[in-house]
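See below for the structure under consideration.
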Amino acid sequence: MSQPPTLHVSSHPAILHKLAVLRDGRTEPKKFREVVRELSWLLGYEALADVRTRPLTIRTPMEEMEASELADRIGLMPILRAGLGMVDAMLELMPTAQVWHLGLFRDERTLQPVEYYNKLPDSASVDLCLILDPMLATGGSATAAIDVLKKWGAVKPVRIKLVNLIAAPEGVAAVAEAHPDVEIHCAALDRQLNEKGYIMPGLGDAGDRQFGTGKVG
Ligand code: PRP
Ligand code: URA
């Protein structure tokens with residue numbers, strides 16, 4: 001399957017190394033959360049490479065110089081629950097970003113996203129929105145989140161990017177078809193979904209693995 005031009009899969013060795021730790025079924029929630037955070041920082045660094053800056057005059061101990069400061073206003077939209085683990089790293093990179101929580105869960109039977117929480121501010125006064133979710137599986141949740149942002153007012157020239165740790169080809173295709181203007185940044189593009197909509201080889205359930213709520217035994 002050919003991939004859309006909006007898809008960016010990182011090949012950085014540090015990302016590849018950390019992904020192996022994340023995927024390993026023996027990795028405990030504490031370590032898992034740590035690696036989600038580290039990978040989010042690295043992916044965020046790549047996803048934010050084209051953010052605009054403006055000149056800023058500062059004085060070093062030696063002389064005055066023209067430096068740069070961030071100009072784009074950024075909104076981060078973590079998809080609850082699993083996207084929560086990506087927020088802190090992104091805020092380290094972009095300390096002035098706003099954070100808008102969106103609660104979505106996948107109905108296990110239909111695999112359709114169900115919205116249960118929405119904390120968007122009244123108006124879309126930003127330049128760039130980053131949707132944070134470790135997993136892009138069927139693409140249902142991501143597409144719904146983008147729909148929410150666009151209906152709210154995040155339309156051109158406001159840009160939307162999706163930041164995922166692991167994506168499935170099915171999810172990438174669904175997002176690219178519904179929202180060809182949205183860039184997707186991920187650490188890995190996996191093989192396929194299984195019959196239950198899980199990414200293969202994936203890492204299992206990203207929310208359960210972060211928060212220790214998986215089935216025991
Ligand atoms: C997971 C994941 C995504 C969604 C991806 O969340 O974090 O939000 O599934 O699947 P999709 O691409 O098929 O929509 P989940 O619904 O398990 O909720 P949780 O984060 O609360 O565990
Ligand atoms: N959500 C997850 O957490 N993992 C998957 O593999 C698919 C959806």
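In the structure tokens, chains take the letters A, B, ... in the order shown, each chain's residues start at 1, and ligands count up from 1 in the order shown.
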
Per residue of chain A within 6 Å of ligand 2, what are the shortest atom pair and its distance in Å to one decimal, counting only C-alpha atoms and all ligand atoms, with rows by chain and residue number, as CSV?
```
residue,atom,partner,partner_atom_place_in_ligand_line,distance
A:Met135,CA,ligand 2,1 (N),5.5
A:Ala137,CA,ligand 2,7 (C),4.9
A:Gly197,CA,ligand 2,7 (C),5.9
A:Tyr198,CA,ligand 2,6 (O),3.5
A:Ile199,CA,ligand 2,6 (O),3.7
A:Gly202,CA,ligand 2,6 (O),5.6
A:Gly204,CA,ligand 2,4 (N),5.0
A:Asp205,CA,ligand 2,3 (O),3.4
A:Ala206,CA,ligand 2,3 (O),3.9
A:Gly207,CA,ligand 2,3 (O),5.8
```

Listing only residues of chain A within 9 Å of ligand 1, what is the closest atom pair and its distance in Å (to one decimal) for each, using only C-alpha atoms and all ligand atoms, sorted by chain and residue number ascending, as CSV?
```
residue,atom,partner,partner_atom_place_in_ligand_line,distance
A:Ile79,CA,ligand 1,8 (O),5.9
A:Leu80,CA,ligand 1,20 (O),5.2
A:Arg81,CA,ligand 1,20 (O),3.8
A:Ala82,CA,ligand 1,20 (O),3.9
A:Gly83,CA,ligand 1,7 (O),6.3
A:Leu84,CA,ligand 1,20 (O),8.6
A:Gly103,CA,ligand 1,21 (O),7.7
A:Leu104,CA,ligand 1,16 (O),6.3
A:Phe105,CA,ligand 1,16 (O),3.5
A:Arg106,CA,ligand 1,16 (O),3.7
A:Asp107,CA,ligand 1,16 (O),7.0
A:Glu108,CA,ligand 1,16 (O),8.0
A:Leu111,CA,ligand 1,13 (O),6.0
A:Gln112,CA,ligand 1,14 (O),6.7
A:Pro113,CA,ligand 1,14 (O),5.9
A:Val114,CA,ligand 1,16 (O),8.3
A:Leu132,CA,ligand 1,8 (O),9.0
A:Asp133,CA,ligand 1,7 (O),5.4
A:Pro134,CA,ligand 1,7 (O),5.7
A:Met135,CA,ligand 1,2 (C),4.8
A:Leu136,CA,ligand 1,12 (O),4.2
A:Ala137,CA,ligand 1,12 (O),3.5
A:Thr138,CA,ligand 1,13 (O),3.6
A:Gly139,CA,ligand 1,12 (O),3.6
A:Gly140,CA,ligand 1,14 (O),3.9
A:Ser141,CA,ligand 1,14 (O),3.6
A:Ala142,CA,ligand 1,12 (O),6.1
A:Thr143,CA,ligand 1,14 (O),8.0
A:Ala144,CA,ligand 1,14 (O),8.4
A:Ala167,CA,ligand 1,12 (O),8.3
A:Ala168,CA,ligand 1,12 (O),8.3
A:Glu170,CA,ligand 1,12 (O),8.7
A:Gly171,CA,ligand 1,12 (O),5.9
A:Gly197,CA,ligand 1,13 (O),6.2
A:Tyr198,CA,ligand 1,13 (O),7.6
A:Ile199,CA,ligand 1,10 (O),8.8
A:Asp205,CA,ligand 1,17 (O),6.3
A:Ala206,CA,ligand 1,7 (O),5.9
A:Gly207,CA,ligand 1,22 (O),4.0
A:Asp208,CA,ligand 1,22 (O),6.1
A:Arg209,CA,ligand 1,22 (O),8.9
```

Per-residue DSSP, stretch 59-202 of chain A, filtered to helix (DSSP H, G or I), as an MDAnalysis selection string:
chainID A and resid 82:93 140:152 169:178

Nearest to A:Leu165 by atom-to-atom distance, counting only C-alpha atoms, from A:Leu7, A:Leu43, A:Val182, A:Ala97:
A:Leu43

Leaving out A:Gln98 and any residue of its chain fewer than 2 positions from it, which residues lie within 7 Å of it when counting only C-alpha atoms, given as a VMD selection string?
chain A and resid 74 to 76 96 100

So that each row is one residue of stretch 106-144 of chain A with an atom at most 8 Å from stretch 149-161 of chain A, can you give its shortest atom pair and the distance in Å to one decimal, using only C-alpha atoms, rows by chain and rising number, as a tab-separated table?
```
residue	atom	partner	partner_atom	distance
A:Ser123	CA	A:Gly153	CA	7.3
A:Ala124	CA	A:Gly153	CA	5.6
A:Val126	CA	A:Val158	CA	6.8
A:Asp127	CA	A:Val158	CA	4.7
A:Leu128	CA	A:Arg159	CA	4.7
A:Cys129	CA	A:Ile160	CA	4.7
A:Leu130	CA	A:Lys161	CA	4.9
A:Ile131	CA	A:Lys161	CA	6.2
```

Expected file contents, prior selection, N, CA, C and O atoms, as an mmCIF file, in the first residue's frame:
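Saved result, selection_4.cif, follows:
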```cif
data_model
loop_
_atom_site.group_PDB
_atom_site.id
_atom_site.type_symbol
_atom_site.label_atom_id
_atom_site.label_comp_id
_atom_site.auth_asym_id
_atom_site.auth_seq_id
_atom_site.Cartn_x
_atom_site.Cartn_y
_atom_site.Cartn_z
ATOM 1 N N SER A 123 -12.918 29.803 21.803
ATOM 2 C CA SER A 123 -12.535 30.136 20.429
ATOM 3 C C SER A 123 -11.192 29.512 20.060
ATOM 4 O O SER A 123 -10.366 29.215 20.931
ATOM 5 N N ALA A 124 -10.996 29.371 18.742
ATOM 6 C CA ALA A 124 -9.795 28.701 18.239
ATOM 7 C C ALA A 124 -8.710 29.719 17.916
ATOM 8 O O ALA A 124 -8.348 29.909 16.759
ATOM 9 N N VAL A 126 -5.488 29.898 17.847
ATOM 10 C CA VAL A 126 -4.164 29.273 17.762
ATOM 11 C C VAL A 126 -3.750 29.160 16.301
ATOM 12 O O VAL A 126 -4.558 29.372 15.395
ATOM 13 N N ASP A 127 -2.497 28.799 16.099
ATOM 14 C CA ASP A 127 -1.989 28.606 14.731
ATOM 15 C C ASP A 127 -1.812 27.129 14.400
ATOM 16 O O ASP A 127 -1.877 26.738 13.244
ATOM 17 N N LEU A 128 -1.539 26.333 15.430
ATOM 18 C CA LEU A 128 -1.233 24.911 15.199
ATOM 19 C C LEU A 128 -1.824 24.064 16.321
ATOM 20 O O LEU A 128 -1.631 24.374 17.503
ATOM 21 N N CYS A 129 -2.551 23.019 15.931
ATOM 22 C CA CYS A 129 -3.104 22.085 16.920
ATOM 23 C C CYS A 129 -2.406 20.739 16.747
ATOM 24 O O CYS A 129 -2.320 20.219 15.629
ATOM 25 N N LEU A 130 -1.933 20.176 17.849
ATOM 26 C CA LEU A 130 -1.331 18.843 17.811
ATOM 27 C C LEU A 130 -2.235 17.881 18.576
ATOM 28 O O LEU A 130 -2.501 18.090 19.760
ATOM 29 N N ILE A 131 -2.713 16.845 17.887
ATOM 30 C CA ILE A 131 -3.520 15.818 18.548
ATOM 31 C C ILE A 131 -2.563 14.737 19.035
ATOM 32 O O ILE A 131 -1.757 14.215 18.248
#
```

Excluding A:Thr6 and its own-chain neighbours fewer than 4 positions away, which residues fall within 9 Å of it when counting only C-alpha atoms? Please give them as a PyMOL selection string.
chain A and resi 176+180-185

Please identify the strand (DSSP E) residues within stretch 30-217 of chain A (assignment by DSSP from backbone atoms) and present them as a ChimeraX atom specification.
/A:53-59,64-70,74-80,98-99,102-106,113-118,128-132,135-136,159-167,183-189,192-193,199-200

Find the residues near stretch 9-24 of chain A: any atom within 6 Å, counting only C-alpha atoms, skip ones fewer than 4 places away on the same chain, and give them as a PyMOL selection string.
chain A and resi 32+186-188+203

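If you measure from each of A:Ser40, A:Met62, A:Thr53, A:Asp190 to A:Val172 using only C-alpha atoms, the closest one turns out to be A:Asp190.
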
I'd like the contact shell of A:Thr57 - 10 Å cut-off, only C-alpha atoms, skipping same-chain residues fewer than 4 positions apart - returned as JSON, numbers by chain.
{"A": [64, 65, 66, 67, 68, 69]}

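Straight-line separation from atom CA of A:Leu102 to atom CA of A:Asp147: 12.0 Å.
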